[in-house]
file input-v5.tsv (TSV, C-alpha atoms and all ligand atoms)
chain	number	residue	atom	x	y	z
A	27	MET	CA	-4.91	35.76	-6.93
A	28	THR	CA	-2.08	36.65	-9.36
A	29	TRP	CA	0.28	34.32	-7.50
A	30	LEU	CA	-2.23	31.47	-8.01
A	31	LEU	CA	-2.47	32.19	-11.75
A	32	GLN	CA	1.32	32.39	-11.95
A	33	PHE	CA	1.61	29.10	-10.10
A	34	PHE	CA	-0.73	27.35	-12.58
A	35	GLN	CA	1.33	28.82	-15.46
A	36	SER	CA	4.48	27.15	-14.13
A	37	SER	CA	5.47	23.68	-15.25
A	38	ILE	CA	4.90	22.07	-11.82
A	39	GLY	CA	1.70	24.11	-11.32
A	40	LYS	CA	0.20	22.67	-14.50
A	41	LYS	CA	1.15	19.15	-13.43
A	42	ILE	CA	-0.38	19.64	-9.98
A	43	LEU	CA	-3.56	21.04	-11.55
A	44	MET	CA	-3.75	18.03	-13.86
A	45	ALA	CA	-3.15	15.56	-11.02
A	46	VAL	CA	-5.64	17.14	-8.58
A	47	THR	CA	-8.41	17.54	-11.19
A	48	GLY	CA	-7.75	13.99	-12.44
A	49	LEU	CA	-8.10	12.60	-8.89
A	50	LEU	CA	-11.36	14.51	-8.35
A	51	LEU	CA	-12.75	13.13	-11.63
A	52	ALA	CA	-11.74	9.63	-10.54
A	53	PHE	CA	-13.78	10.10	-7.34
A	54	PHE	CA	-16.78	11.10	-9.45
A	55	LEU	CA	-16.39	7.77	-11.26
A	56	ILE	CA	-16.85	5.84	-7.97
A	57	ALA	CA	-20.19	7.56	-7.31
A	58	HIS	CA	-21.24	7.25	-10.95
A	59	LEU	CA	-20.45	3.53	-11.04
A	60	ALA	CA	-22.35	2.91	-7.79
A	61	GLY	CA	-25.44	4.53	-9.33
A	62	ASN	CA	-25.11	2.72	-12.65
A	63	LEU	CA	-24.70	-0.70	-11.03
A	64	MET	CA	-28.36	-0.31	-9.99
A	65	LEU	CA	-29.17	-1.26	-13.58
A	66	PHE	CA	-28.49	-4.85	-12.46
A	67	GLY	CA	-31.30	-4.45	-9.92
A	68	GLY	CA	-33.84	-4.04	-12.76
A	69	PRO	CA	-36.06	-1.21	-14.05
A	70	GLU	CA	-37.71	-0.35	-10.74
A	71	MET	CA	-34.49	0.04	-8.80
A	72	PHE	CA	-32.73	2.07	-11.52
A	73	ASN	CA	-35.74	4.32	-12.25
A	74	ASN	CA	-36.20	5.04	-8.53
A	75	TYR	CA	-32.52	5.93	-8.24
A	76	VAL	CA	-32.70	8.40	-11.18
A	77	LEU	CA	-35.95	9.87	-9.82
A	78	SER	CA	-34.34	10.43	-6.42
A	79	LEU	CA	-31.56	12.38	-8.20
A	80	THR	CA	-34.20	14.38	-10.11
A	81	ASN	CA	-35.71	15.39	-6.77
A	82	LEU	CA	-32.33	16.79	-5.73
A	83	LYS	CA	-32.05	18.89	-8.90
A	84	PRO	CA	-30.46	22.07	-7.40
A	85	LEU	CA	-27.73	20.00	-5.74
A	86	VAL	CA	-27.19	17.95	-8.90
A	87	ARG	CA	-26.86	21.16	-10.95
A	88	ILE	CA	-24.20	22.52	-8.56
A	89	ALA	CA	-22.33	19.20	-8.73
A	90	GLU	CA	-22.53	19.25	-12.56
A	91	ALA	CA	-21.18	22.82	-12.71
A	92	LEU	CA	-18.26	21.88	-10.41
A	93	LEU	CA	-17.60	18.75	-12.43
A	94	THR	CA	-17.51	20.78	-15.67
A	95	LEU	CA	-15.01	23.24	-14.16
A	96	ILE	CA	-12.81	20.41	-12.87
A	97	PHE	CA	-13.03	18.66	-16.23
A	98	LEU	CA	-12.07	21.83	-18.16
A	99	GLY	CA	-9.14	22.40	-15.77
A	100	HIS	CA	-7.99	18.84	-16.45
A	101	VAL	CA	-8.33	19.09	-20.24
A	102	PHE	CA	-6.62	22.49	-20.51
A	103	SER	CA	-3.70	21.58	-18.26
A	104	GLY	CA	-3.42	18.27	-20.19
A	105	ILE	CA	-3.26	20.09	-23.54
A	106	ARG	CA	-0.67	22.55	-22.24
A	107	VAL	CA	1.57	19.89	-20.70
A	108	THR	CA	1.36	17.86	-23.96
A	109	LEU	CA	2.26	20.91	-26.08
A	110	GLU	CA	5.14	21.77	-23.75
A	111	ASN	CA	6.50	18.22	-23.95
A	112	LYS	CA	6.27	18.36	-27.75
A	113	LYS	CA	8.19	21.64	-27.85
A	114	ALA	CA	10.92	20.14	-25.66
A	115	LYS	CA	11.24	17.06	-27.88
A	116	PRO	CA	13.63	18.24	-30.67
A	117	GLN	CA	16.34	18.98	-28.07
A	118	SER	CA	15.90	15.74	-26.19
A	119	TYR	CA	16.05	13.78	-29.47
A	120	GLN	CA	19.68	14.83	-29.91
A	121	VAL	CA	20.49	13.11	-26.64
A	122	ALA	CA	18.18	10.11	-26.69
A	123	PRO	CA	15.55	9.11	-29.25
A	124	ARG	CA	13.10	8.11	-26.57
A	125	SER	CA	13.14	9.21	-22.94
A	126	ALA	CA	13.25	6.41	-20.38
A	127	THR	CA	9.93	7.38	-18.85
A	128	SER	CA	8.19	7.76	-22.21
A	129	ASN	CA	6.68	4.28	-22.24
A	130	PHE	CA	3.66	3.02	-24.11
A	131	TYR	CA	1.16	4.59	-21.70
A	132	SER	CA	2.66	8.08	-21.56
A	133	ARG	CA	2.95	8.29	-25.34
A	134	THR	CA	-0.70	7.36	-25.73
A	135	MET	CA	-2.04	9.69	-22.98
A	136	ALA	CA	-3.09	12.44	-25.39
A	137	VAL	CA	-4.70	9.90	-27.73
A	138	SER	CA	-6.55	7.97	-24.99
A	139	GLY	CA	-7.62	11.26	-23.37
A	140	SER	CA	-8.99	12.56	-26.69
A	141	ILE	CA	-10.94	9.35	-27.37
A	142	VAL	CA	-12.38	9.38	-23.82
A	143	PHE	CA	-13.39	13.00	-24.53
A	144	ILE	CA	-15.21	11.93	-27.73
A	145	PHE	CA	-16.86	9.12	-25.76
A	146	LEU	CA	-18.01	11.63	-23.14
A	147	VAL	CA	-19.57	13.93	-25.76
A	148	PHE	CA	-21.48	10.96	-27.22
A	149	HIS	CA	-22.41	9.71	-23.73
A	150	LEU	CA	-23.81	13.06	-22.57
A	151	GLN	CA	-25.53	13.73	-25.87
A	152	THR	CA	-27.37	10.40	-25.65
A	153	PHE	CA	-28.04	9.35	-22.02
A	154	TRP	CA	-27.73	12.64	-20.16
A	155	TRP	CA	-29.63	14.66	-22.76
A	156	SER	CA	-32.43	12.04	-23.05
A	157	PHE	CA	-32.82	12.04	-19.27
A	158	GLN	CA	-33.13	15.85	-19.22
A	159	LYS	CA	-36.13	15.62	-21.53
A	160	MET	CA	-37.91	12.98	-19.41
A	161	HIS	CA	-40.25	13.98	-16.59
A	162	GLY	CA	-42.69	12.41	-14.18
A	163	ASN	CA	-42.88	9.23	-12.16
A	164	ASP	CA	-43.63	7.09	-15.24
A	165	ALA	CA	-40.38	8.01	-17.03
A	166	ASP	CA	-38.55	4.79	-17.94
A	167	PHE	CA	-34.85	5.67	-17.70
A	168	TYR	CA	-33.90	1.98	-17.65
A	169	GLU	CA	-35.50	1.50	-21.06
A	170	VAL	CA	-33.36	4.30	-22.56
A	171	VAL	CA	-30.11	2.84	-21.23
A	172	VAL	CA	-30.89	-0.79	-22.01
A	173	HIS	CA	-33.45	-1.15	-24.81
A	174	SER	CA	-33.44	2.03	-26.94
A	175	PRO	CA	-31.41	2.52	-30.16
A	176	ILE	CA	-28.86	4.54	-28.13
A	177	GLY	CA	-28.82	1.85	-25.41
A	178	PHE	CA	-26.73	-1.24	-24.82
A	179	ASN	CA	-28.91	-3.66	-26.77
A	180	ASN	CA	-27.48	-1.90	-29.82
A	181	PRO	CA	-24.22	-3.89	-30.27
A	182	LEU	CA	-22.46	-0.88	-31.83
A	183	VAL	CA	-23.16	1.19	-28.72
A	184	ALA	CA	-22.09	-1.64	-26.39
A	185	VAL	CA	-18.81	-2.24	-28.30
A	186	PHE	CA	-18.06	1.50	-28.43
A	187	TYR	CA	-18.55	1.73	-24.64
A	188	ILE	CA	-16.32	-1.29	-23.99
A	189	LEU	CA	-13.49	0.06	-26.20
A	190	ALA	CA	-13.75	3.56	-24.71
A	191	LEU	CA	-13.72	2.12	-21.18
A	192	ILE	CA	-10.57	0.07	-21.94
A	193	LEU	CA	-8.92	3.31	-23.10
A	194	LEU	CA	-10.19	5.04	-19.95
A	195	ALA	CA	-8.48	2.30	-17.89
A	196	LEU	CA	-5.16	2.88	-19.74
A	197	HIS	CA	-5.57	6.64	-19.30
A	198	LEU	CA	-6.21	6.26	-15.56
A	199	ARG	CA	-3.33	3.83	-15.13
A	200	HIS	CA	-0.75	6.23	-16.47
A	201	GLY	CA	-2.56	9.20	-14.92
A	202	PHE	CA	-2.13	7.71	-11.45
A	203	GLN	CA	1.56	6.94	-12.10
A	204	SER	CA	2.12	10.56	-13.19
A	205	ALA	CA	0.18	11.93	-10.22
A	206	PHE	CA	2.32	9.88	-7.81
A	207	GLN	CA	5.45	11.29	-9.42
A	208	THR	CA	4.07	14.85	-9.21
A	209	PHE	CA	3.35	14.40	-5.48
A	210	GLY	CA	6.72	12.69	-4.84
A	211	LEU	CA	5.06	9.42	-3.82
A	212	ALA	CA	6.54	7.27	-6.61
A	213	ASP	CA	9.68	6.41	-4.64
A	214	SER	CA	8.43	7.00	-1.12
A	215	ARG	CA	7.75	4.39	1.55
A	216	TYR	CA	4.04	4.70	0.76
A	217	LYS	CA	4.64	3.42	-2.78
A	218	GLY	CA	3.12	-0.04	-2.10
A	219	ILE	CA	-0.15	1.13	-0.55
A	220	VAL	CA	-0.51	3.97	-3.05
A	221	GLU	CA	-0.09	1.59	-6.02
A	222	LYS	CA	-2.62	-0.86	-4.54
A	223	THR	CA	-5.16	1.96	-4.10
A	224	ALA	CA	-4.56	3.03	-7.69
A	225	VAL	CA	-5.59	-0.45	-8.90
A	226	LEU	CA	-9.08	0.24	-7.56
A	227	PHE	CA	-9.33	3.30	-9.79
A	228	TRP	CA	-7.67	2.20	-13.00
A	229	LEU	CA	-8.69	-1.46	-13.04
A	230	ILE	CA	-11.62	-2.30	-10.75
A	231	ILE	CA	-13.76	0.75	-11.56
A	232	PRO	CA	-13.37	0.48	-15.37
A	233	LEU	CA	-14.11	-3.27	-15.08
A	234	GLY	CA	-17.26	-2.40	-13.13
A	235	PHE	CA	-18.34	-0.01	-15.91
A	236	ILE	CA	-17.45	-2.55	-18.62
A	237	SER	CA	-19.65	-5.18	-16.94
A	238	ILE	CA	-22.71	-3.03	-17.82
A	239	PRO	CA	-22.49	-2.84	-21.66
A	240	LEU	CA	-21.07	-6.39	-21.64
A	241	TYR	CA	-24.04	-7.81	-19.72
A	242	PHE	CA	-26.85	-5.76	-21.30
A	243	GLY	CA	-25.33	-5.89	-24.78
A	244	PHE	CA	-24.25	-9.54	-25.05
A	245	ILE	CA	-25.36	-11.68	-22.09
A	246	LYS	CA	-28.86	-10.65	-20.98
A	301	LIG	C1	-21.37	1.68	-18.54
A	301	LIG	C2	-20.96	2.89	-18.35
A	301	LIG	C3	-21.83	4.08	-18.05
A	301	LIG	C4	-23.19	4.19	-17.91
A	301	LIG	C5	-24.25	3.10	-17.99
A	301	LIG	C6	-23.49	5.58	-17.63
A	301	LIG	C7	-24.77	6.12	-17.46
A	301	LIG	C8	-25.05	7.45	-17.34
A	301	LIG	C9	-26.38	8.01	-17.26
A	301	LIG	C10	-27.64	7.17	-17.31
A	301	LIG	C11	-26.26	9.35	-17.16
A	301	LIG	C12	-27.40	10.37	-17.02
A	301	LIG	C13	-27.66	10.58	-15.54
A	301	LIG	C14	-28.66	11.65	-15.23
A	301	LIG	O1	-28.84	12.58	-16.00
A	301	LIG	O2	-29.26	11.54	-14.16
A	301	LIG	C15	-24.87	9.68	-17.14
A	301	LIG	C16	-24.33	10.93	-16.97
A	301	LIG	C17	-22.98	11.21	-16.96
A	301	LIG	N1	-21.95	10.32	-17.16
A	301	LIG	FE1	-22.15	8.33	-17.38
A	301	LIG	N2	-22.32	6.28	-17.58
A	301	LIG	C18	-21.28	5.40	-17.85
A	301	LIG	C19	-19.92	5.69	-17.92
A	301	LIG	C20	-19.40	6.95	-17.75
A	301	LIG	C21	-17.99	7.26	-17.78
A	301	LIG	C22	-16.89	6.23	-17.97
A	301	LIG	C23	-17.87	8.60	-17.58
A	301	LIG	C24	-16.63	9.44	-17.51
A	301	LIG	C25	-15.51	9.17	-18.16
A	301	LIG	C26	-19.19	9.13	-17.42
A	301	LIG	C27	-19.50	10.46	-17.21
A	301	LIG	C28	-20.76	10.99	-17.08
A	301	LIG	C29	-21.02	12.38	-16.79
A	301	LIG	C30	-19.97	13.48	-16.61
A	301	LIG	C31	-22.41	12.52	-16.71
A	301	LIG	C32	-23.19	13.82	-16.44
A	301	LIG	C33	-23.17	14.10	-14.97
A	301	LIG	C34	-24.47	13.85	-14.32
A	301	LIG	O3	-25.40	14.58	-14.59
A	301	LIG	O4	-24.58	12.89	-13.53
A	301	LIG	N3	-20.10	8.11	-17.53
A	301	LIG	N4	-24.15	8.49	-17.26
call {"tool": "encode", "arguments": {"input": "input-v5.tsv", "output": "structure tokens", "more": "lines below"}}
Ligand code: HEM
result
Amino acid sequence: MTWLLQFFQSSIGKKILMAVTGLLLAFFLIAHLAGNLMLFGGPEMFNNYVLSLTNLKPLVRIAEALLTLIFLGHVFSGIRVTLENKKAKPQSYQVAPRSATSNFYSRTMAVSGSIVFIFLVFHLQTFWWSFQKMHGNDADFYEVVVHSPIGFNNPLVAVFYILALILLALHLRHGFQSAFQTFGLADSRYKGIVEKTAVLFWLIIPLGFISIPLYFGFIK
């Protein structure tokens, strides 16, 4: 066990922890998007979907606990890697004012990550918390997401979601590039296929999420 802790204290260990937890969170987003797209099917379809999850409560609770652990692992390793990079900066400045790899995305990782974190707190405090308080077969989950003051027919909520999701896309884009470097895939012969797969995560999935506040906030 000590060797594992020591490994995660090392520079590469922290990067691997960040990459693996980031990838697991990205997989959660696929499942989450698939569920949320049911909103396009109307109230009956979405409410039935949420009710079916409610019936699987013990499993959902286990998944939520795992997700929280993975998320905390990602945030803590992210904070530590950012602090380490900051500490290393004064020396590197004497050689070059800006490192070659420190492009727009990497410099904004901490900022985009923090804003996505704030988004998540708001998101859970509104949708997730409201759903926890609703019971029974008549509960209208669709109404909360679409027509309530915390839902997408409030233009402020819809715009906030769209902006946060654009930042999530930027965060995922650089996150995948960093993960490929950590795993030594950035210059390997798998580079092409790996980059194409990453597009699904950093572009297609955020676009899928964005379609929801865009449609229910401004089109429907
Ligand atoms: C248009 C975008 C989104 C919509 C409509 C949406 C909708 C929802 C709803 C309705 C819930 C409550 C589910 C329940 O309690 O059964 C929920 C939970 C949650 N959402 Fe989202 N979500 C969106 C985007 C996101 C994004 C981008 C993230 C992550 C960055 C995220 C992370 C979570 C998490 C961690 C939970 C709690 C886990 C769970 O109990 O399922 N969501 N979301």
call {"tool": "residues_around", "arguments": {"input": "input-v5.tsv", "residues": "segment 51-60 of chain A", "least_positions_apart": "4", "cutoff": "9 Å", "atoms": "all atoms listed in the file", "output": "number ranges by chain"}}
result
A: 46-47, 64, 93, 96-97, 100, 198, 227-228, 231-232, 234-235
call {"tool": "write_last_selection", "arguments": {"input": "input-v5.tsv", "atoms": "C-alpha atoms", "output": "JSON list (two decimals), in the coordinates of the input"}}
result
[["chain", "number", "residue", "atom", "x", "y", "z"],
["A", 46, "VAL", "CA", -5.64, 17.14, -8.58],
["A", 47, "THR", "CA", -8.41, 17.54, -11.19],
["A", 64, "MET", "CA", -28.36, -0.31, -9.99],
["A", 93, "LEU", "CA", -17.60, 18.75, -12.43],
["A", 96, "ILE", "CA", -12.81, 20.41, -12.87],
["A", 97, "PHE", "CA", -13.03, 18.66, -16.23],
["A", 100, "HIS", "CA", -7.99, 18.84, -16.45],
["A", 198, "LEU", "CA", -6.21, 6.26, -15.56],
["A", 227, "PHE", "CA", -9.33, 3.30, -9.79],
["A", 228, "TRP", "CA", -7.67, 2.20, -13.00],
["A", 231, "ILE", "CA", -13.76, 0.75, -11.56],
["A", 232, "PRO", "CA", -13.37, 0.48, -15.37],
["A", 234, "GLY", "CA", -17.26, -2.40, -13.13],
["A", 235, "PHE", "CA", -18.34, -0.01, -15.91]]
call {"tool": "residues_near_ligand", "arguments": {"input": "input-v5.tsv", "ligand": "ligand LIG 301 (chain A)", "cutoff": "6 Å", "atoms": "all atoms listed in the file", "output": "list in words"}}
result
Asn62, Val76, Glu90, Leu150, Phe153, Trp154, Phe157, Phe235, Ile236, Ile238 and Pro239 of chain A
call {"tool": "closest_residue", "arguments": {"input": "input-v5.tsv", "among": "A:Ile88, A:Ile144, A:Ala224, A:Leu77", "to": "Asp164 of chain A", "atoms": "only C-alpha atoms"}}
result
A:Leu77
call {"tool": "axis_aligned_box", "arguments": {"input": "input-v5.tsv", "around": "segment 173-189 of chain A", "padding_each_side": "4 Å", "output": "AutoDock Vina command-line options"}}
result
--center_x -23.5 --center_y 0.3 --center_z -27.9 --size_x 28.0 --size_y 16.4 --size_z 15.8
call {"tool": "closest_residue", "arguments": {"input": "input-v5.tsv", "among": "A:Ser37, A:Lys83, A:Val137, A:Phe242", "to": "Asn180 of chain A", "atoms": "all atoms listed in the file"}}
result
A:Phe242
call {"tool": "residues_around", "arguments": {"input": "input-v5.tsv", "residues": "segment 209-212 of chain A", "least_positions_apart": "6", "cutoff": "12 Å", "atoms": "only C-alpha atoms", "output": "VMD selection string"}}
result
chain A and resid 38 to 39 41 to 46 202 to 203 218 to 221 224
